[in-house]
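J.: Hey, dropping structure_13.cif in here, mmCIF, C-alpha atoms:
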data_entry
#
loop_
_atom_site.label_atom_id
_atom_site.label_comp_id
_atom_site.auth_asym_id
_atom_site.auth_seq_id
_atom_site.Cartn_x
_atom_site.Cartn_y
_atom_site.Cartn_z
CA MET A 19 -14.43 0.25 -23.52
CA LYS A 20 -10.71 0.03 -24.23
CA GLU A 21 -9.31 -3.36 -25.17
CA LEU A 22 -6.00 -3.57 -23.25
CA TYR A 23 -5.48 -2.87 -19.55
CA SER A 24 -2.51 -2.92 -17.18
CA GLY A 25 -2.57 -4.30 -13.67
CA ILE A 26 -0.86 -6.27 -10.93
CA VAL A 27 -1.62 -9.88 -10.01
CA VAL A 28 -2.93 -9.97 -6.44
CA ARG A 29 -4.01 -13.59 -6.17
CA SER A 30 -3.55 -16.87 -7.99
CA GLY A 31 -5.65 -19.99 -7.80
CA GLY A 32 -5.73 -22.93 -10.14
CA ALA A 33 -5.90 -21.79 -13.73
CA SER A 34 -7.03 -18.23 -13.00
CA TYR A 35 -5.61 -15.06 -11.48
CA ILE A 36 -7.09 -11.99 -9.83
CA VAL A 37 -5.62 -8.81 -11.29
CA GLU A 38 -6.05 -5.33 -9.82
CA ASP A 39 -6.12 -2.71 -12.56
CA GLU A 40 -4.97 0.91 -12.40
CA ASP A 41 -8.41 2.01 -11.13
CA GLY A 42 -8.38 -0.46 -8.25
CA ARG A 43 -10.87 -2.85 -9.82
CA THR A 44 -10.27 -6.60 -9.55
CA ILE A 45 -10.68 -8.75 -12.66
CA ARG A 46 -10.47 -12.52 -12.93
CA CYS A 47 -8.02 -13.40 -15.69
CA ARG A 48 -6.52 -16.47 -17.29
CA THR A 49 -3.55 -17.16 -19.51
CA ILE A 50 -3.59 -18.58 -23.02
CA THR A 51 -1.10 -20.42 -25.18
CA GLY A 52 -0.01 -17.12 -26.69
CA THR A 53 0.66 -15.34 -23.38
CA VAL A 54 4.10 -13.70 -23.65
CA SER A 55 6.44 -13.39 -20.64
CA ASP A 56 9.64 -11.37 -20.31
CA ASN A 57 10.82 -13.89 -17.69
CA GLU A 58 12.62 -17.17 -18.20
CA GLY A 59 12.19 -20.30 -16.11
CA ALA A 60 9.64 -21.03 -13.42
CA SER A 61 6.04 -19.81 -13.20
CA LEU A 62 4.48 -18.00 -16.13
CA VAL A 63 2.45 -15.77 -13.78
CA ALA A 64 2.94 -15.07 -10.06
CA VAL A 65 1.47 -12.78 -7.44
CA GLY A 66 3.17 -9.40 -7.78
CA ASP A 67 3.61 -9.65 -11.55
CA ARG A 68 2.73 -6.60 -13.61
CA VAL A 69 0.71 -7.71 -16.59
CA THR A 70 -1.20 -6.53 -19.63
CA PHE A 71 -4.56 -8.15 -20.17
CA LYS A 72 -7.39 -8.05 -22.66
CA ALA A 73 -10.76 -7.49 -21.01
CA LYS A 74 -14.08 -8.84 -22.17
CA PRO A 75 -17.60 -8.79 -20.71
CA SER A 76 -18.66 -11.89 -18.77
CA GLY A 77 -22.10 -13.34 -18.23
CA THR A 78 -22.44 -11.04 -15.22
CA ASP A 79 -21.79 -7.33 -14.77
CA LYS A 80 -18.10 -8.05 -14.06
CA LEU A 81 -15.26 -8.06 -16.55
CA GLU A 82 -13.10 -11.07 -17.28
CA GLY A 83 -9.69 -10.98 -18.89
CA VAL A 84 -6.97 -12.80 -20.76
CA ILE A 85 -3.37 -12.06 -19.78
CA THR A 86 -1.42 -11.28 -22.94
CA HIS A 87 1.91 -10.13 -21.49
CA VAL A 88 3.90 -10.49 -18.25
CA ASP A 89 6.51 -7.79 -17.55
CA ARG A 90 10.04 -8.61 -16.47
CA ARG A 91 10.35 -9.21 -12.72
CA SER A 92 12.71 -7.07 -10.67
CA SER A 93 12.85 -9.71 -7.92
CA ALA A 94 11.35 -13.08 -7.12
CA LEU A 95 10.83 -15.26 -4.06
CA ILE A 96 11.19 -18.84 -5.25
CA ARG A 97 10.28 -22.12 -3.60
CA ARG A 98 11.69 -25.43 -4.75
CA ARG A 99 9.05 -28.01 -5.64
CA ASP A 100 9.19 -31.56 -4.34
CA ILE A 101 9.63 -33.52 -7.56
CA ARG A 102 8.28 -36.68 -5.92
CA ARG A 103 4.92 -34.97 -5.28
CA ASN A 104 4.85 -32.59 -8.22
CA ARG A 105 3.19 -33.65 -11.45
CA SER A 106 4.43 -30.53 -13.24
CA LYS A 107 7.84 -30.54 -14.91
CA GLU A 108 8.71 -27.27 -13.16
CA THR A 109 11.25 -27.80 -10.37
CA SER A 110 10.63 -24.40 -8.76
CA GLN A 111 7.77 -21.99 -8.21
CA VAL A 112 7.75 -18.20 -8.04
CA ILE A 113 5.72 -17.36 -4.95
CA ALA A 114 5.96 -13.55 -5.14
CA SER A 115 7.59 -11.10 -7.53
CA ASN A 116 8.63 -7.45 -7.78
CA ILE A 117 8.88 -7.07 -4.02
CA ASP A 118 10.60 -4.04 -2.48
CA GLN A 119 11.46 -5.81 0.77
CA LEU A 120 11.35 -9.29 2.22
CA VAL A 121 9.85 -9.57 5.68
CA LEU A 122 10.89 -12.66 7.60
CA VAL A 123 8.11 -13.27 10.10
CA THR A 124 9.28 -15.36 13.02
CA SER A 125 8.15 -15.58 16.62
CA PHE A 126 9.70 -15.59 20.05
CA SER A 127 7.81 -18.75 21.00
CA ASP A 128 5.15 -21.14 19.73
CA PRO A 129 7.04 -21.88 17.46
CA PRO A 130 10.37 -20.67 18.91
CA LEU A 131 12.79 -18.33 17.16
CA ASN A 132 14.80 -20.36 14.65
CA ARG A 133 18.24 -18.78 14.14
CA ARG A 134 19.13 -21.21 11.35
CA LEU A 135 16.12 -19.98 9.40
CA VAL A 136 17.00 -16.34 10.10
CA ASP A 137 20.52 -16.92 8.77
CA ARG A 138 19.19 -18.62 5.64
CA TYR A 139 16.92 -15.66 4.93
CA ILE A 140 19.78 -13.20 5.45
CA VAL A 141 21.87 -15.11 2.91
CA PHE A 142 18.99 -15.17 0.43
CA ALA A 143 18.27 -11.45 0.84
CA GLU A 144 21.97 -10.58 0.46
CA SER A 145 22.24 -12.67 -2.70
CA GLU A 146 19.13 -11.05 -4.22
CA ASN A 147 20.09 -7.54 -3.04
CA LEU A 148 16.72 -7.37 -1.28
CA PRO A 149 16.20 -5.32 1.89
CA LEU A 150 15.28 -7.69 4.73
CA LEU A 151 13.16 -6.93 7.76
CA ILE A 152 13.27 -9.46 10.62
CA LEU A 153 9.84 -9.30 12.23
CA VAL A 154 9.55 -11.09 15.58
CA ASN A 155 5.96 -11.74 16.67
CA LYS A 156 4.62 -12.91 20.07
CA VAL A 157 7.12 -10.79 22.02
CA ASP A 158 4.60 -10.66 24.86
CA LEU A 159 5.61 -14.26 25.63
CA ASP A 160 9.17 -13.13 26.47
CA ARG A 161 8.49 -12.87 30.17
CA GLU A 162 12.13 -13.56 31.15
CA GLY A 163 13.54 -10.88 28.84
CA VAL A 164 15.81 -13.25 26.88
CA LEU A 165 14.86 -12.17 23.35
CA GLU A 166 17.33 -9.27 23.12
CA LYS A 167 20.18 -11.68 23.89
CA GLU A 168 19.06 -13.82 20.95
CA LEU A 169 18.92 -10.80 18.65
CA GLU A 170 22.15 -9.15 19.77
CA THR A 171 24.21 -10.69 16.96
CA TYR A 172 21.76 -9.50 14.30
CA ARG A 173 21.66 -5.98 15.68
CA ARG A 174 25.48 -5.87 15.50
CA LEU A 175 25.24 -6.93 11.87
CA GLY A 176 22.97 -3.97 11.17
CA CYS A 177 19.86 -6.05 10.46
CA ARG A 178 16.52 -4.25 10.60
CA ILE A 179 14.42 -5.78 13.37
CA CYS A 180 10.84 -5.05 14.44
CA LEU A 181 9.31 -6.54 17.59
CA VAL A 182 5.54 -7.00 17.68
CA SER A 183 2.71 -8.88 19.29
CA ALA A 184 -0.35 -9.30 17.11
CA SER A 185 -2.45 -10.55 20.01
CA LYS A 186 -1.51 -7.63 22.31
CA ARG A 187 -1.22 -5.08 19.47
CA ILE A 188 2.36 -4.21 20.45
CA GLY A 189 4.63 -2.53 17.90
CA LEU A 190 2.03 -2.30 15.14
CA ASP A 191 2.49 1.44 14.55
CA GLU A 192 6.22 0.97 13.98
CA LEU A 193 5.50 -1.91 11.62
CA LYS A 194 2.99 0.14 9.64
CA GLY A 195 5.65 2.79 9.11
CA LEU A 196 8.16 0.21 7.85
CA LEU A 197 5.62 -1.18 5.37
CA SER A 198 4.11 2.08 4.13
CA GLY A 199 4.57 2.65 0.41
CA GLN A 200 6.40 -0.66 -0.07
CA LEU A 201 5.51 -3.95 -1.71
CA SER A 202 6.47 -6.32 1.10
CA ALA A 203 6.45 -10.12 1.07
CA PHE A 204 5.76 -11.80 4.41
CA SER A 205 7.53 -15.14 4.57
CA GLY A 206 8.57 -17.71 7.15
CA HIS A 207 7.46 -20.89 8.88
CA SER A 208 3.77 -21.56 9.41
CA GLY A 209 2.29 -20.73 12.79
CA VAL A 210 4.33 -17.58 13.47
CA GLY A 211 1.34 -15.31 12.88
CA LYS A 212 1.73 -13.89 9.38
CA SER A 213 -1.99 -13.93 8.62
CA THR A 214 -2.95 -12.61 12.06
CA LEU A 215 -0.53 -9.70 11.70
CA ILE A 216 -1.89 -8.79 8.28
CA ASN A 217 -5.45 -8.88 9.63
CA ARG A 218 -4.36 -6.45 12.35
CA LEU A 219 -2.67 -4.17 9.81
CA ILE A 220 -5.70 -3.91 7.53
CA GLY A 221 -8.27 -3.83 10.33
CA ARG A 222 -10.36 -6.79 9.23
CA SER A 223 -10.25 -10.59 9.18
CA GLU A 224 -9.27 -11.05 5.55
CA LEU A 225 -7.07 -14.13 6.08
CA LYS A 226 -7.66 -17.40 7.90
CA THR A 227 -5.54 -18.08 10.96
CA ALA A 228 -4.74 -21.16 13.03
CA ARG A 229 -2.89 -22.03 16.20
CA THR A 230 0.32 -24.03 16.33
CA SER A 231 -0.32 -27.79 16.29
CA TYR A 232 -0.37 -29.16 19.83
CA LYS A 233 0.75 -32.58 18.56
CA THR A 234 3.85 -31.47 16.67
CA GLY A 235 4.62 -28.04 18.09
CA LYS A 236 4.95 -26.83 14.50
CA GLY A 237 2.96 -24.28 12.58
CA VAL A 238 -0.24 -25.21 10.79
CA HIS A 239 -0.56 -24.08 7.17
CA THR A 240 -3.40 -21.61 6.73
CA THR A 241 -2.24 -19.93 3.51
CA SER A 242 -2.10 -22.28 0.52
CA SER A 243 -1.12 -19.68 -2.09
CA ALA A 244 0.24 -16.15 -2.08
CA ILE A 245 -2.24 -13.30 -1.61
CA MET A 246 -1.52 -9.58 -2.08
CA ILE A 247 -3.45 -7.07 0.01
CA ARG A 248 -3.47 -3.29 -0.17
CA LEU A 249 -2.53 -1.57 3.10
CA PRO A 250 -4.55 1.41 4.42
CA GLU A 251 -1.33 3.44 4.84
CA GLY A 252 -0.28 2.76 1.25
CA GLY A 253 1.65 -0.08 -0.31
CA TYR A 254 0.93 -3.78 -0.44
CA VAL A 255 1.76 -6.83 1.60
CA ILE A 256 1.94 -10.35 0.19
CA ASP A 257 1.07 -13.20 2.53
CA THR A 258 2.96 -16.26 1.32
CA PRO A 259 2.53 -19.92 2.24
CA GLY A 260 4.64 -21.15 5.14
CA ILE A 261 8.01 -22.01 3.66
CA ARG A 262 10.20 -24.70 5.15
CA GLU A 263 12.72 -24.63 2.31
CA PHE A 264 13.16 -21.98 -0.32
CA ASN A 265 15.53 -21.95 -3.22
CA LEU A 266 19.12 -20.73 -2.93
CA SER A 267 19.68 -21.51 -6.60
CA ASP A 268 22.17 -18.71 -7.30
CA ILE A 269 24.31 -19.46 -4.25
CA THR A 270 27.17 -21.93 -4.49
CA LYS A 271 29.59 -23.43 -2.01
CA GLU A 272 32.22 -21.15 -3.60
CA ASN A 273 30.35 -17.87 -3.09
CA LEU A 274 28.37 -18.56 0.10
CA ARG A 275 31.11 -17.00 2.24
CA PHE A 276 30.52 -13.59 0.65
CA TYR A 277 26.95 -13.51 2.02
CA PHE A 278 28.10 -13.72 5.63
CA ARG A 279 29.00 -10.06 6.00
CA GLU A 280 30.99 -10.51 9.23
CA PHE A 281 33.42 -12.75 7.32
CA LEU A 282 34.38 -9.98 4.91
CA GLU A 283 36.58 -8.12 7.40
CA TYR A 284 38.77 -11.19 7.97
CA MET A 285 38.80 -12.91 4.57
CA PRO A 286 41.66 -10.80 3.10
CA ASP A 287 43.95 -12.14 5.85
CA CYS A 288 43.33 -15.81 5.01
CA THR A 289 46.37 -17.64 3.65
CA TYR A 290 44.42 -18.88 0.63
CA SER A 291 42.25 -16.59 -1.49
CA SER A 292 39.85 -19.47 -2.15
CA CYS A 293 39.63 -20.38 1.53
CA SER A 294 36.38 -22.17 2.42
CA HIS A 295 36.82 -21.22 6.11
CA THR A 296 36.48 -24.82 7.24
CA VAL A 297 39.80 -26.68 7.54
CA GLU A 298 42.44 -24.57 5.80
CA PRO A 299 45.55 -23.57 7.78
CA GLY A 300 45.96 -19.83 8.25
CA CYS A 301 42.22 -19.14 8.02
CA ALA A 302 41.53 -15.72 9.55
CA VAL A 303 37.79 -16.40 9.75
CA LEU A 304 38.34 -19.51 11.87
CA LYS A 305 40.63 -17.52 14.16
CA ALA A 306 37.92 -14.87 14.52
CA VAL A 307 35.40 -17.58 15.45
CA GLU A 308 37.79 -19.03 18.04
CA SER A 309 38.39 -15.60 19.57
CA GLY A 310 34.66 -14.80 19.72
CA ALA A 311 34.87 -11.98 17.18
CA ILE A 312 32.49 -13.95 14.95
CA ASP A 313 29.41 -15.45 16.59
CA ILE A 314 29.76 -19.24 16.84
CA GLU A 315 26.11 -19.89 15.97
CA ARG A 316 26.39 -17.81 12.83
CA TYR A 317 29.48 -19.78 11.84
CA GLU A 318 27.64 -23.05 12.48
CA SER A 319 24.83 -21.80 10.24
CA TYR A 320 27.44 -21.22 7.55
CA LEU A 321 28.65 -24.82 7.87
CA VAL A 322 25.09 -26.19 7.72
CA LEU A 323 24.31 -24.16 4.61
CA LEU A 324 27.61 -25.12 3.03
CA GLU A 325 26.81 -28.79 3.50
CA THR A 326 23.35 -28.30 2.04
CA LEU A 327 24.74 -26.58 -1.04
CA GLU A 328 27.30 -29.33 -1.50
CA SER A 329 24.59 -31.99 -1.42
CA GLU A 330 22.39 -29.98 -3.82
CA SER A 331 25.11 -29.38 -6.42
#
Since I need it in another form, could you write the structure as structure tokens?

T.:
Amino acid sequence: MKELYSGIVVRSGGASYIVEDEDGRTIRCRTITGTVSDNEGASLVAVGDRVTFKAKPSGTDKLEGVITHVDRRSSALIRRRDIRRNRSKETSQVIASNIDQLVLVTSFSDPPLNRRLVDRYIVFAESENLPLLILVNKVDLDREGVLEKELETYRRLGCRICLVSASKRIGLDELKGLLSGQLSAFSGHSGVGKSTLINRLIGRSELKTARTSYKTGKGVHTTSSAIMIRLPEGGYVIDTPGIREFNLSDITKENLRFYFREFLEYMPDCTYSSCSHTVEPGCAVLKAVESGAIDIERYESYLVLLETLESES
């Protein structure tokens, strides 16, 4: 038996990790004081990490392992920790790494489509140079045909959008094609149907699901940590915990405007090169908003994010 193996982390829980090796076997591994990582900052090991581990026989017929090295991440989905509730000194947590595309899972209703959240994800994906897929579940509830009006702005921006219904099995073939051969991270608020969709895609009930809370109207958390699952058509999907706030650590109030792509056409005509597009005279972006050339809700999302970044700095 060889001593060192390579694999990808498919699940984390407590002090141990499940690693899938090159032969498709799953091995429970742990880290040690001497574990070396090519990454700086949060989370020594995360789901999606490519690792080297030393295998050893366990008391059963299964192998156990010790992770000796974590390869450099090409991308990372990071969630800010609540310092008031967090005993660890880490202020952020890597939820998923090395993803090829970020899939924002939202829903038409129950809970309703949240455009502020969509805009925040677009900004994050632009800043990380990550392809983004906006996946709208529960489209069967759109009995009045109003969803396309809501999505019109995003289609004009060139966003990739996929409409599905997990319960009615609508749009699943298109979704399978968009996920095939990719390492995709499903993210978004709880209750939108991430786990249900993944169960449909893999053809079995691998993940727990729950309905939206009747008391609050908000999603109920059913995924407590990220889980990576191999898709029958090839590729992997990572089911992440419901995220209400994720980190925009590399985005500042000075560079936020560059991640609203519809601003870019008008920015060169602003009187000031450092224009914040809020109160400055001669702002071409503001004029475009007033004329309807830039969607007012998108601009309001910009202002909300700008205020958030100002308070976080």

J.: Mind pulling up the distance from CA of Gly253 in chain A to CA of Gln200 in chain A?

T.: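 According to the coordinates, CA of Gln200 in chain A and CA of Gly253 in chain A are separated by 4.8 Å.
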
J.: Between CA of Glu38 in chain A and CA of Asn147 in chain A, measure the distance and give it in Å to one decimal.

T.: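 Going from CA of Glu38 in chain A over to CA of Asn147 in chain A, I get 27.1 Å.
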
J.: I'd like the neighbourhood of Asn57 in chain A as a count of residues only, where a residue qualifies if any of its atoms comes within 10 Å (using all atoms listed in the file), though same-chain residues fewer than 5 positions away should be ignored.

T.: 7

J.: Can you list, as JSON, numbers by chain, the residues that the PyMOL selection byres ((chain A and resi 23) around 10) selects here?

T.: {"A": [20, 21, 22, 24, 25, 39, 40, 69, 70, 71, 72, 73, 83, 85, 86]}

J.: Please measure the separation of CA of Val210 in chain A and CA of Asn155 in chain A, giving the value in Å to one decimal.

T.: 6.9 Å

J.: For the interface of range 172-219 of chain A with range 274-288 of chain A (cut-off 12 Å, counting only C-alpha atoms), please tabulate each contacting residue of range 172-219 of chain A alongside its nearest pair of atoms and their separation in Å to one decimal, rows sorted by chain and increasing number, as JSON lines.

T.:
{"residue": "A:Tyr172", "atom": "CA", "partner": "A:Glu280", "partner_atom": "CA", "distance": 10.6}
{"residue": "A:Arg174", "atom": "CA", "partner": "A:Glu280", "partner_atom": "CA", "distance": 9.6}
{"residue": "A:Leu175", "atom": "CA", "partner": "A:Glu280", "partner_atom": "CA", "distance": 7.3}
{"residue": "A:Gly176", "atom": "CA", "partner": "A:Arg279", "partner_atom": "CA", "distance": 10.0}
{"residue": "A:Cys177", "atom": "CA", "partner": "A:Arg279", "partner_atom": "CA", "distance": 10.9}

J.: Since we have the selection now, will you write its residues out, keeping C-alpha atoms, as an mmCIF file, keeping the file's coordinate frame?

T.:
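The file below, selection-v5.cif, is the result:
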data_model
loop_
_atom_site.group_PDB
_atom_site.id
_atom_site.type_symbol
_atom_site.label_atom_id
_atom_site.label_comp_id
_atom_site.auth_asym_id
_atom_site.auth_seq_id
_atom_site.Cartn_x
_atom_site.Cartn_y
_atom_site.Cartn_z
ATOM 1 C CA TYR A 172 21.760 -9.500 14.300
ATOM 2 C CA ARG A 174 25.480 -5.870 15.500
ATOM 3 C CA LEU A 175 25.240 -6.930 11.870
ATOM 4 C CA GLY A 176 22.970 -3.970 11.170
ATOM 5 C CA CYS A 177 19.860 -6.050 10.460
#

J.: Using all atoms listed in the file, which of the listed residues (A:Thr51, A:Ser125, A:Ser34, A:Thr270) sits closest to Leu153 in chain A?

T.: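 Looking at the shortest contact to Leu153 in chain A, the residue is A:Ser125.
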
J.: Carefully work through the PyMOL selection byres ((chain A and resi 114) around 10) for this structure and note down the residues it includes, as a PyMOL selection string.

T.: chain A and resi 27-28+63-67+91+93-97+111-113+115-117+202-205+243-246+256-258

J.: Selection in question (the file shown): the PyMOL selection byres ((chain A and resi 196) around 12). Which residues does it include, as a CSV table (one decimal) with C-alpha atoms, in the frame of the given file?

T.:
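So the final result, stored in part-v5.csv, reads:
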chain,number,residue,atom,x,y,z
A,118,ASP,CA,10.6,-4.0,-2.5
A,119,GLN,CA,11.5,-5.8,0.8
A,120,LEU,CA,11.4,-9.3,2.2
A,121,VAL,CA,9.8,-9.6,5.7
A,149,PRO,CA,16.2,-5.3,1.9
A,150,LEU,CA,15.3,-7.7,4.7
A,151,LEU,CA,13.2,-6.9,7.8
A,152,ILE,CA,13.3,-9.5,10.6
A,153,LEU,CA,9.8,-9.3,12.2
A,178,ARG,CA,16.5,-4.2,10.6
A,179,ILE,CA,14.4,-5.8,13.4
A,180,CYS,CA,10.8,-5.0,14.4
A,181,LEU,CA,9.3,-6.5,17.6
A,189,GLY,CA,4.6,-2.5,17.9
A,190,LEU,CA,2.0,-2.3,15.1
A,191,ASP,CA,2.5,1.4,14.6
A,192,GLU,CA,6.2,1.0,14.0
A,193,LEU,CA,5.5,-1.9,11.6
A,194,LYS,CA,3.0,0.1,9.6
A,195,GLY,CA,5.6,2.8,9.1
A,197,LEU,CA,5.6,-1.2,5.4
A,198,SER,CA,4.1,2.1,4.1
A,199,GLY,CA,4.6,2.6,0.4
A,200,GLN,CA,6.4,-0.7,-0.1
A,201,LEU,CA,5.5,-4.0,-1.7
A,202,SER,CA,6.5,-6.3,1.1
A,219,LEU,CA,-2.7,-4.2,9.8
A,249,LEU,CA,-2.5,-1.6,3.1
A,251,GLU,CA,-1.3,3.4,4.8
A,252,GLY,CA,-0.3,2.8,1.2
A,253,GLY,CA,1.6,-0.1,-0.3
A,254,TYR,CA,0.9,-3.8,-0.4
A,255,VAL,CA,1.8,-6.8,1.6

J.: Go through A:Gly52, A:Gly163, A:Gly206, A:Pro75 and flag the residue nearest Pro129 in chain A, using all atoms listed in the file for the distances.

T.: A:Gly206

J.: Which polymer residues have any atom within 8 Å of an atom of Ile312 in chain A, counting all atoms listed in the file, with same-chain residues fewer than 4 positions away left out, as a tab-separated table (two decimals) with C-alpha atoms, in the frame of the given file?

T.:
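Final file, selection_9.tsv:
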chain	number	residue	atom	x	y	z
A	280	GLU	CA	30.99	-10.51	9.23
A	281	PHE	CA	33.42	-12.75	7.32
A	303	VAL	CA	37.79	-16.40	9.75
A	306	ALA	CA	37.92	-14.87	14.52
A	307	VAL	CA	35.40	-17.58	15.45
A	308	GLU	CA	37.79	-19.03	18.04
A	316	ARG	CA	26.39	-17.81	12.83
A	317	TYR	CA	29.48	-19.78	11.84

J.: With distances taken over only C-alpha atoms, which of A:Ala302, A:Leu131, A:Ile247, A:Ile140 is nearest to Ser213 in chain A?

T.: A:Ile247
